$ cat upload.cif   # mmCIF, C-alpha atoms and all ligand atoms
data_model
loop_
_atom_site.group_PDB
_atom_site.id
_atom_site.type_symbol
_atom_site.label_atom_id
_atom_site.label_comp_id
_atom_site.auth_asym_id
_atom_site.auth_seq_id
_atom_site.Cartn_x
_atom_site.Cartn_y
_atom_site.Cartn_z
ATOM 1 C CA MET I 19 44.627 -138.060 16.001
ATOM 2 C CA GLY I 20 42.298 -137.126 18.902
ATOM 3 C CA ILE I 21 40.119 -134.082 19.302
ATOM 4 C CA THR I 22 41.386 -130.776 20.705
ATOM 5 C CA VAL I 23 39.487 -128.986 23.486
ATOM 6 C CA GLN I 24 40.272 -125.285 23.999
ATOM 7 C CA PRO I 25 38.610 -123.804 27.134
ATOM 8 C CA GLN I 26 37.067 -120.318 26.673
ATOM 9 C CA GLY I 27 37.482 -118.976 30.226
ATOM 10 C CA ALA I 28 34.868 -119.659 32.917
ATOM 11 C CA VAL I 29 32.487 -121.420 30.545
ATOM 12 C CA GLY I 30 32.656 -123.229 27.220
ATOM 13 C CA ALA I 31 35.304 -124.935 25.136
ATOM 14 C CA GLU I 32 35.993 -124.949 21.401
ATOM 15 C CA VAL I 33 36.436 -128.465 20.057
ATOM 16 C CA GLY I 34 38.616 -129.131 17.006
ATOM 17 C CA GLY I 35 39.572 -132.170 14.972
ATOM 18 C CA VAL I 36 36.088 -133.632 14.816
ATOM 19 C CA ASP I 37 33.527 -134.229 12.062
ATOM 20 C CA LEU I 38 30.160 -134.441 13.803
ATOM 21 C CA ASN I 39 28.895 -136.700 10.999
ATOM 22 C CA HIS I 40 31.276 -139.457 12.106
ATOM 23 C CA LEU I 41 31.656 -139.999 15.840
ATOM 24 C CA ASP I 42 33.302 -143.168 17.085
ATOM 25 C CA PRO I 43 32.622 -144.364 20.667
ATOM 26 C CA ALA I 44 35.954 -143.016 21.979
ATOM 27 C CA THR I 45 35.329 -139.519 20.570
ATOM 28 C CA LEU I 46 31.758 -139.553 21.889
ATOM 29 C CA ALA I 47 33.048 -140.411 25.351
ATOM 30 C CA GLU I 48 35.519 -137.484 25.186
ATOM 31 C CA LEU I 49 32.743 -135.120 24.072
ATOM 32 C CA ARG I 50 30.434 -136.262 26.892
ATOM 33 C CA GLU I 51 33.148 -135.580 29.447
ATOM 34 C CA ALA I 52 33.993 -132.173 27.950
ATOM 35 C CA HIS I 53 30.299 -131.190 27.800
ATOM 36 C CA ALA I 54 29.800 -131.977 31.496
ATOM 37 C CA GLN I 55 33.012 -130.133 32.387
ATOM 38 C CA TYR I 56 32.688 -126.932 30.305
ATOM 39 C CA GLY I 57 28.886 -126.460 30.012
ATOM 40 C CA VAL I 58 28.921 -125.606 26.307
ATOM 41 C CA LEU I 59 30.946 -126.979 23.404
ATOM 42 C CA PHE I 60 31.602 -125.038 20.184
ATOM 43 C CA PHE I 61 32.365 -126.642 16.817
ATOM 44 C CA ARG I 62 33.340 -124.977 13.523
ATOM 45 C CA ASP I 63 32.872 -125.816 9.835
ATOM 46 C CA GLN I 64 30.398 -128.655 10.248
ATOM 47 C CA GLN I 65 28.357 -129.809 7.239
ATOM 48 C CA LEU I 66 25.175 -131.189 8.781
ATOM 49 C CA THR I 67 22.023 -132.194 6.937
ATOM 50 C CA PRO I 68 18.854 -132.097 9.085
ATOM 51 C CA GLU I 69 19.110 -135.900 9.350
ATOM 52 C CA ALA I 70 22.727 -135.679 10.556
ATOM 53 C CA HIS I 71 21.796 -132.954 13.069
ATOM 54 C CA ILE I 72 19.031 -135.220 14.438
ATOM 55 C CA ALA I 73 21.369 -138.249 14.575
ATOM 56 C CA LEU I 74 23.957 -136.160 16.441
ATOM 57 C CA ALA I 75 21.407 -135.017 19.046
ATOM 58 C CA GLU I 76 20.194 -138.581 19.542
ATOM 59 C CA HIS I 77 23.636 -139.559 20.848
ATOM 60 C CA TRP I 78 22.676 -137.563 23.964
ATOM 61 C CA GLY I 79 19.081 -138.676 24.416
ATOM 62 C CA GLU I 80 15.513 -138.394 23.240
ATOM 63 C CA ILE I 81 14.624 -135.266 21.266
ATOM 64 C CA ASN I 82 12.216 -132.778 22.834
ATOM 65 C CA ILE I 83 9.657 -131.581 20.272
ATOM 66 C CA ASN I 84 9.384 -127.867 20.975
ATOM 67 C CA ARG I 85 5.852 -126.672 21.737
ATOM 68 C CA PHE I 86 6.377 -123.007 21.005
ATOM 69 C CA PHE I 87 8.918 -122.548 18.177
ATOM 70 C CA THR I 88 8.068 -122.901 14.491
ATOM 71 C CA PRO I 89 9.586 -126.187 13.248
ATOM 72 C CA VAL I 90 11.715 -126.562 10.123
ATOM 73 C CA GLU I 91 9.456 -127.840 7.338
ATOM 74 C CA ASN I 92 9.241 -131.682 7.422
ATOM 75 C CA TYR I 93 11.422 -131.851 10.554
ATOM 76 C CA PRO I 94 9.320 -131.438 13.724
ATOM 77 C CA GLN I 95 12.430 -132.315 15.777
ATOM 78 C CA ILE I 96 14.192 -129.116 14.603
ATOM 79 C CA ALA I 97 13.041 -125.699 15.845
ATOM 80 C CA GLU I 98 13.750 -122.682 13.695
ATOM 81 C CA VAL I 99 15.451 -119.707 15.362
ATOM 82 C CA ARG I 100 14.988 -117.015 12.734
ATOM 83 C CA LYS I 101 15.260 -113.234 12.491
ATOM 84 C CA GLU I 102 14.448 -111.556 9.171
ATOM 85 C CA PRO I 103 15.938 -108.235 7.951
ATOM 86 C CA ASP I 104 12.624 -106.443 8.617
ATOM 87 C CA GLN I 105 12.260 -107.752 12.190
ATOM 88 C CA GLN I 106 13.484 -106.054 15.372
ATOM 89 C CA PHE I 107 12.711 -108.824 17.880
ATOM 90 C CA ASN I 108 15.044 -111.793 18.249
ATOM 91 C CA ILE I 109 14.435 -115.102 20.004
ATOM 92 C CA GLY I 110 16.413 -115.511 23.238
ATOM 93 C CA GLY I 111 17.555 -111.890 23.486
ATOM 94 C CA GLY I 112 17.606 -111.887 27.312
ATOM 95 C CA TRP I 113 19.582 -114.112 29.687
ATOM 96 C CA HIS I 114 17.766 -117.417 30.233
ATOM 97 C CA THR I 115 18.110 -121.154 30.421
ATOM 98 C CA ASP I 116 15.681 -123.150 28.298
ATOM 99 C CA HIS I 117 12.884 -125.291 29.720
ATOM 100 C CA SER I 118 13.342 -124.507 33.428
ATOM 101 C CA TYR I 119 9.511 -124.286 33.501
ATOM 102 C CA ASP I 120 9.281 -128.048 32.818
ATOM 103 C CA GLN I 121 9.107 -130.586 35.658
ATOM 104 C CA ILE I 122 12.015 -132.365 33.987
ATOM 105 C CA PRO I 123 14.008 -129.633 32.227
ATOM 106 C CA ALA I 124 15.728 -130.454 28.943
ATOM 107 C CA LEU I 125 19.416 -131.426 29.073
ATOM 108 C CA GLY I 126 20.430 -128.883 26.460
ATOM 109 C CA SER I 127 20.294 -127.772 22.847
ATOM 110 C CA LEU I 128 22.418 -128.163 19.726
ATOM 111 C CA LEU I 129 22.185 -124.879 17.790
ATOM 112 C CA TYR I 130 23.468 -125.007 14.206
ATOM 113 C CA ALA I 131 24.169 -121.858 12.169
ATOM 114 C CA LYS I 132 22.616 -121.877 8.678
ATOM 115 C CA GLU I 133 22.802 -118.172 7.825
ATOM 116 C CA VAL I 134 24.438 -115.477 9.964
ATOM 117 C CA PRO I 135 25.090 -111.731 9.631
ATOM 118 C CA THR I 136 28.672 -110.776 8.732
ATOM 119 C CA THR I 137 28.959 -108.867 11.989
ATOM 120 C CA GLY I 138 26.935 -109.280 15.183
ATOM 121 C CA GLY I 139 24.491 -111.993 16.157
ATOM 122 C CA ASP I 140 26.871 -113.551 18.699
ATOM 123 C CA THR I 141 25.624 -115.635 21.621
ATOM 124 C CA LEU I 142 26.770 -115.081 25.215
ATOM 125 C CA PHE I 143 26.991 -117.926 27.726
ATOM 126 C CA ALA I 144 27.357 -117.765 31.521
ATOM 127 C CA SER I 145 28.486 -120.432 33.972
ATOM 128 C CA CYS I 146 25.984 -120.952 36.807
ATOM 129 C CA GLY I 147 28.476 -123.312 38.486
ATOM 130 C CA VAL I 148 31.335 -120.805 38.646
ATOM 131 C CA ALA I 149 28.790 -118.185 39.758
ATOM 132 C CA PHE I 150 27.779 -120.397 42.689
ATOM 133 C CA ASP I 151 31.403 -121.179 43.613
ATOM 134 C CA THR I 152 32.266 -117.477 43.841
ATOM 135 C CA LEU I 153 29.531 -116.631 46.407
ATOM 136 C CA SER I 154 30.293 -116.473 50.139
ATOM 137 C CA GLU I 155 29.698 -119.560 52.306
ATOM 138 C CA GLY I 156 26.927 -117.693 54.148
ATOM 139 C CA ILE I 157 24.737 -117.015 51.132
ATOM 140 C CA LYS I 158 25.541 -120.455 49.638
ATOM 141 C CA ASP I 159 24.085 -122.103 52.750
ATOM 142 C CA MET I 160 20.962 -119.956 52.646
ATOM 143 C CA LEU I 161 20.428 -120.616 48.911
ATOM 144 C CA ARG I 162 20.767 -124.389 49.428
ATOM 145 C CA SER I 163 17.617 -124.269 51.582
ATOM 146 C CA LEU I 164 15.470 -122.520 48.926
ATOM 147 C CA ARG I 165 13.357 -123.667 46.009
ATOM 148 C CA ALA I 166 12.080 -121.450 43.189
ATOM 149 C CA LEU I 167 9.100 -121.409 40.863
ATOM 150 C CA HIS I 168 9.548 -121.274 37.095
ATOM 151 C CA SER I 169 6.827 -120.694 34.491
ATOM 152 C CA SER I 170 6.336 -120.581 30.718
ATOM 153 C CA ARG I 171 3.138 -118.510 30.980
ATOM 154 C CA HIS I 172 4.572 -114.980 30.958
ATOM 155 C CA VAL I 173 6.958 -115.788 28.079
ATOM 156 C CA PHE I 174 5.007 -117.987 25.648
ATOM 157 C CA GLY I 175 1.387 -117.665 26.921
ATOM 158 C CA GLN I 176 -1.578 -115.534 25.822
ATOM 159 C CA SER I 177 -0.534 -112.739 28.191
ATOM 160 C CA ALA I 178 3.126 -112.597 27.030
ATOM 161 C CA ALA I 179 4.225 -109.052 26.217
ATOM 162 C CA LEU I 180 5.568 -109.753 22.719
ATOM 163 C CA PRO I 181 6.073 -107.093 20.025
ATOM 164 C CA ASP I 182 4.019 -107.154 16.797
ATOM 165 C CA ASP I 183 6.828 -108.444 14.571
ATOM 166 C CA VAL I 184 7.053 -111.937 16.103
ATOM 167 C CA THR I 185 4.390 -113.306 13.747
ATOM 168 C CA GLY I 186 5.460 -116.774 12.590
ATOM 169 C CA LEU I 187 8.182 -117.218 15.232
ATOM 170 C CA PHE I 188 6.093 -118.722 18.040
ATOM 171 C CA ALA I 189 3.060 -121.008 18.185
ATOM 172 C CA ASN I 190 0.638 -122.632 20.645
ATOM 173 C CA ALA I 191 0.294 -119.822 23.192
ATOM 174 C CA ASP I 192 -2.642 -121.794 24.640
ATOM 175 C CA GLN I 193 -0.200 -124.598 25.582
ATOM 176 C CA ALA I 194 1.975 -122.337 27.762
ATOM 177 C CA THR I 195 0.697 -123.718 31.056
ATOM 178 C CA GLN I 196 3.903 -125.172 32.498
ATOM 179 C CA ASP I 197 4.903 -124.336 36.081
ATOM 180 C CA ALA I 198 7.651 -126.121 37.991
ATOM 181 C CA VAL I 199 9.431 -125.863 41.323
ATOM 182 C CA HIS I 200 13.163 -126.653 41.415
ATOM 183 C CA PRO I 201 15.883 -126.359 44.056
ATOM 184 C CA VAL I 202 17.739 -123.039 43.810
ATOM 185 C CA VAL I 203 21.021 -124.965 44.066
ATOM 186 C CA ILE I 204 21.000 -128.226 42.122
ATOM 187 C CA ARG I 205 23.566 -131.024 42.007
ATOM 188 C CA HIS I 206 24.534 -131.358 38.345
ATOM 189 C CA PRO I 207 23.442 -134.825 37.203
ATOM 190 C CA LEU I 208 26.724 -135.503 35.366
ATOM 191 C CA SER I 209 29.506 -133.389 36.854
ATOM 192 C CA GLY I 210 28.201 -133.563 40.445
ATOM 193 C CA ARG I 211 28.879 -129.814 40.770
ATOM 194 C CA GLU I 212 26.659 -127.421 42.717
ATOM 195 C CA ILE I 213 24.861 -125.091 40.281
ATOM 196 C CA LEU I 214 22.788 -121.953 40.851
ATOM 197 C CA TYR I 215 19.511 -122.769 39.093
ATOM 198 C CA VAL I 216 17.483 -119.558 38.657
ATOM 199 C CA ASN I 217 17.180 -117.423 35.524
ATOM 200 C CA PRO I 218 15.615 -114.078 34.521
ATOM 201 C CA GLY I 219 13.627 -115.642 31.670
ATOM 202 C CA PHE I 220 11.460 -118.101 33.535
ATOM 203 C CA THR I 221 12.005 -117.917 37.328
ATOM 204 C CA THR I 222 9.127 -116.009 38.973
ATOM 205 C CA HIS I 223 9.814 -116.202 42.743
ATOM 206 C CA PHE I 224 11.085 -118.318 45.652
ATOM 207 C CA GLU I 225 8.719 -120.915 47.099
ATOM 208 C CA GLY I 226 6.961 -119.451 50.151
ATOM 209 C CA TRP I 227 8.088 -115.887 49.277
ATOM 210 C CA SER I 228 6.042 -113.271 47.388
ATOM 211 C CA VAL I 229 7.178 -112.005 43.977
ATOM 212 C CA GLN I 230 8.077 -108.660 45.573
ATOM 213 C CA GLU I 231 10.043 -110.311 48.401
ATOM 214 C CA SER I 232 11.911 -112.511 45.895
ATOM 215 C CA ALA I 233 12.870 -109.739 43.466
ATOM 216 C CA PRO I 234 15.849 -108.161 45.325
ATOM 217 C CA LEU I 235 17.623 -111.484 45.950
ATOM 218 C CA LEU I 236 16.876 -112.722 42.429
ATOM 219 C CA GLN I 237 18.233 -109.472 40.971
ATOM 220 C CA PHE I 238 21.413 -109.833 43.015
ATOM 221 C CA LEU I 239 21.877 -113.418 41.788
ATOM 222 C CA TYR I 240 21.173 -112.456 38.164
ATOM 223 C CA GLY I 241 23.745 -109.656 38.309
ATOM 224 C CA HIS I 242 26.257 -112.021 39.895
ATOM 225 C CA ILE I 243 25.807 -114.828 37.331
ATOM 226 C CA ALA I 244 26.081 -112.320 34.438
ATOM 227 C CA ARG I 245 29.401 -110.845 35.678
ATOM 228 C CA PRO I 246 31.780 -110.715 32.676
ATOM 229 C CA GLU I 247 34.256 -113.105 34.324
ATOM 230 C CA HIS I 248 31.526 -115.791 34.437
ATOM 231 C CA THR I 249 30.745 -115.535 30.702
ATOM 232 C CA CYS I 250 32.069 -116.155 27.204
ATOM 233 C CA ARG I 251 30.991 -114.871 23.783
ATOM 234 C CA PHE I 252 30.653 -117.063 20.695
ATOM 235 C CA HIS I 253 30.890 -115.567 17.194
ATOM 236 C CA TRP I 254 29.005 -117.648 14.659
ATOM 237 C CA GLN I 255 29.972 -118.590 11.119
ATOM 238 C CA PRO I 256 27.849 -120.714 8.800
ATOM 239 C CA GLY I 257 28.446 -124.326 9.873
ATOM 240 C CA SER I 258 29.182 -123.467 13.523
ATOM 241 C CA LEU I 259 27.415 -125.520 16.164
ATOM 242 C CA ALA I 260 27.049 -124.816 19.889
ATOM 243 C CA PHE I 261 25.858 -127.535 22.245
ATOM 244 C CA TRP I 262 24.954 -126.114 25.667
ATOM 245 C CA ASP I 263 23.890 -127.667 28.948
ATOM 246 C CA ASN I 264 20.727 -126.048 30.346
ATOM 247 C CA ARG I 265 21.501 -127.269 33.864
ATOM 248 C CA ALA I 266 24.881 -125.530 34.030
ATOM 249 C CA THR I 267 24.638 -122.401 31.870
ATOM 250 C CA TRP I 268 22.589 -119.413 30.768
ATOM 251 C CA HIS I 269 22.654 -117.992 27.244
ATOM 252 C CA LEU I 270 21.687 -114.733 25.504
ATOM 253 C CA ALA I 271 21.406 -114.077 21.743
ATOM 254 C CA VAL I 272 22.813 -110.577 21.111
ATOM 255 C CA ASN I 273 20.342 -108.545 19.021
ATOM 256 C CA ASP I 274 22.748 -106.178 17.227
ATOM 257 C CA TYR I 275 22.208 -107.001 13.533
ATOM 258 C CA HIS I 276 18.960 -105.294 12.503
ATOM 259 C CA GLY I 277 18.474 -105.364 8.719
ATOM 260 C CA HIS I 278 20.197 -108.742 8.302
ATOM 261 C CA ARG I 279 18.939 -112.336 8.331
ATOM 262 C CA ARG I 280 20.056 -114.866 10.949
ATOM 263 C CA LEU I 281 18.766 -118.429 10.638
ATOM 264 C CA MET I 282 19.640 -121.212 13.051
ATOM 265 C CA HIS I 283 18.383 -124.781 13.546
ATOM 266 C CA ARG I 284 17.934 -125.885 17.150
ATOM 267 C CA ILE I 285 17.437 -129.388 18.502
ATOM 268 C CA THR I 286 16.750 -129.880 22.190
ATOM 269 C CA VAL I 287 17.481 -133.095 24.089
ATOM 270 C CA GLU I 288 15.405 -134.322 27.048
ATOM 271 C CA GLY I 289 16.937 -134.277 30.522
ATOM 272 C CA VAL I 290 16.463 -135.890 33.922
ATOM 273 C CA PRO I 291 14.772 -134.707 37.163
ATOM 274 C CA LEU I 292 16.919 -132.198 39.063
ATOM 275 C CA ALA I 293 17.990 -132.946 42.612
ATOM 276 C CA ALA I 294 18.904 -130.480 45.346
ATOM 277 C CA ALA I 295 22.607 -130.076 46.081
ATOM 278 C CA ARG I 296 21.975 -131.108 49.706
HETATM 279 C C1 LIG I 301 18.047 -119.542 22.036
HETATM 280 O O1 LIG I 301 17.859 -118.866 23.023
HETATM 281 O O2 LIG I 301 17.771 -120.733 21.982
HETATM 282 C C2 LIG I 301 18.650 -118.899 20.799
HETATM 283 C C3 LIG I 301 20.086 -118.610 20.960
HETATM 284 C C4 LIG I 301 20.664 -117.957 19.740
HETATM 285 O O3 LIG I 301 19.952 -117.771 18.745
HETATM 286 O O4 LIG I 301 21.844 -117.635 19.742
#
$ encode --input "upload.cif" --output "structure tokens"
Amino acid sequence: MGITVQPQGAVGAEVGGVDLNHLDPATLAELREAHAQYGVLFFRDQQLTPEAHIALAEHWGEININRFFTPVENYPQIAEVRKEPDQQFNIGGGWHTDHSYDQIPALGSLLYAKEVPTTGGDTLFASCGVAFDTLSEGIKDMLRSLRALHSSRHVFGQSAALPDDVTGLFANADQATQDAVHPVVIRHPLSGREILYVNPGFTTHFEGWSVQESAPLLQFLYGHIARPEHTCRFHWQPGSLAFWDNRATWHLAVNDYHGHRRLMHRITVEGVPLAAAR
């Protein structure tokens, strides 16, 4: 019996009938195609050891060792995404796409739920491909001619405005020196789709424009990408896994579960250079 793939609206698909510990070549091929098509795949009731999680990620490429997140003990390949009952801050609580500050941004991440609150703690995803498709031809043409700067400095660096209760969540602020310029509209390396590639987390301004000049257009694009009809919401259970594509989606971890623990394991896979759509 093959896998089932249930689309979740504009972005994402829930995949059934698969044990991620045992993937044959035919199933892997189906998952690769679904990942490129839907931007994020959701799996339920998976029993993954850290070794199995690493082996699963390696089907998609080399693992990116995260510079800034605390690793799981003895597993530098796995970043811990943790919020304790006495913490207010959560990792990834604003719309973003990971690693856009790198010259070669990561392909995506496989986030595995270890411990989740009984209510809340969902993750939202947005489709940057559908968002581009639904713009007018006039603005699409203008955006195709632009490039934008992305940086890690204001998020993970010494000057990042982080609250006091993030102790132990992040490391290596002195290594937050990454800046990159990418086309504002990229051609997705697998699907060939045109994708709007800016995000509120890491994009600072358009190349050749000041920060102030860039802000109104960036704000318009951010509001457009985050329109409800471009998004889906994933409710986690222990053993759930989401595998998103950083080139095609944004995500946001909803911070609505103060007083409860949420513990996730995240593995990120390296990507390829991004090319302009035209
Ligand atoms: C992240 O932004 O990588 C974390 C997402 C989540 O915890 O749901």
$ resolve_selection --input "upload.cif" --expression "the PyMOL selection byres (((not hetatm)) within 6 of (chain I and resi 301))" --output "PDB file with C-alpha atoms, in the frame of the given file"
ATOM      1  CA  VAL I  99      15.451-119.707  15.362  1.00  0.00           C
ATOM      2  CA  ILE I 109      14.435-115.102  20.004  1.00  0.00           C
ATOM      3  CA  GLY I 110      16.413-115.511  23.238  1.00  0.00           C
ATOM      4  CA  THR I 141      25.624-115.635  21.621  1.00  0.00           C
ATOM      5  CA  ALA I 271      21.406-114.077  21.743  1.00  0.00           C
TER       6      ALA I 271
END
$ atom_distance --input "upload.cif" --atom1 "atom CA of Lys158 of chain I" --atom2 "atom CA of Val29 of chain I"
20.3 Å
$ atom_distance --input "upload.cif" --atom1 "atom CA of Glu133 of chain I" --atom2 "atom CA of Ile96 of chain I"
15.5 Å
$ residues_around --input "upload.cif" --residues "segment 41-44 of chain I" --least-positions-apart "3" --cutoff "12 Å" --atoms "only C-alpha atoms" --output "MDAnalysis selection string"
chainID I and resid 19:21 35:38 47:51 70 73:75 77
$ atom_distance --input "upload.cif" --atom1 "atom CA of Gly147 of chain I" --atom2 "atom CA of Asp197 of chain I"
23.7 Å
$ closest_residue --input "upload.cif" --among "I:Asp263, I:Gln64, I:Thr221, I:His283" --to "Tyr93 of chain I" --atoms "only C-alpha atoms"
I:His283
$ decode --input "upload.cif" --residues "segment 38-51 of chain I" --atoms "N, CA and C atoms" --output "CSV table (one decimal), in the first residue's frame"
chain,number,residue,atom,x,y,z
I,38,LEU,N,8.8,6.5,9.1
I,38,LEU,CA,10.0,7.3,8.6
I,38,LEU,C,11.3,6.5,9.0
I,39,ASN,N,11.2,5.4,9.8
I,39,ASN,CA,12.3,4.6,10.1
I,39,ASN,C,12.7,3.7,8.9
I,40,HIS,N,11.7,3.5,8.0
I,40,HIS,CA,11.9,2.5,6.9
I,40,HIS,C,11.4,3.1,5.6
I,41,LEU,N,12.3,3.7,4.9
I,41,LEU,CA,11.8,4.3,3.6
I,41,LEU,C,12.5,3.6,2.4
I,42,ASP,N,11.7,3.0,1.6
I,42,ASP,CA,12.2,2.4,0.4
I,42,ASP,C,12.4,3.5,-0.7
I,43,PRO,N,13.2,3.2,-1.8
I,43,PRO,CA,13.4,4.2,-2.8
I,43,PRO,C,12.2,4.8,-3.4
I,44,ALA,N,11.1,3.9,-3.6
I,44,ALA,CA,9.9,4.4,-4.2
I,44,ALA,C,9.2,5.4,-3.3
I,45,THR,N,9.1,5.1,-2.0
I,45,THR,CA,8.5,6.0,-1.1
I,45,THR,C,9.3,7.3,-1.0
I,46,LEU,N,10.6,7.2,-0.9
I,46,LEU,CA,11.4,8.4,-0.9
I,46,LEU,C,11.2,9.3,-2.1
I,47,ALA,N,11.1,8.7,-3.3
I,47,ALA,CA,10.8,9.5,-4.5
I,47,ALA,C,9.5,10.2,-4.4
I,48,GLU,N,8.5,9.5,-3.8
I,48,GLU,CA,7.1,10.2,-3.6
I,48,GLU,C,7.2,11.3,-2.7
I,49,LEU,N,8.0,11.1,-1.6
I,49,LEU,CA,8.1,12.2,-0.6
I,49,LEU,C,8.9,13.4,-1.1
I,50,ARG,N,9.9,13.1,-1.9
I,50,ARG,CA,10.7,14.3,-2.6
I,50,ARG,C,9.7,15.1,-3.4
I,51,GLU,N,8.9,14.4,-4.2
I,51,GLU,CA,8.0,15.1,-5.1
I,51,GLU,C,7.0,15.9,-4.3
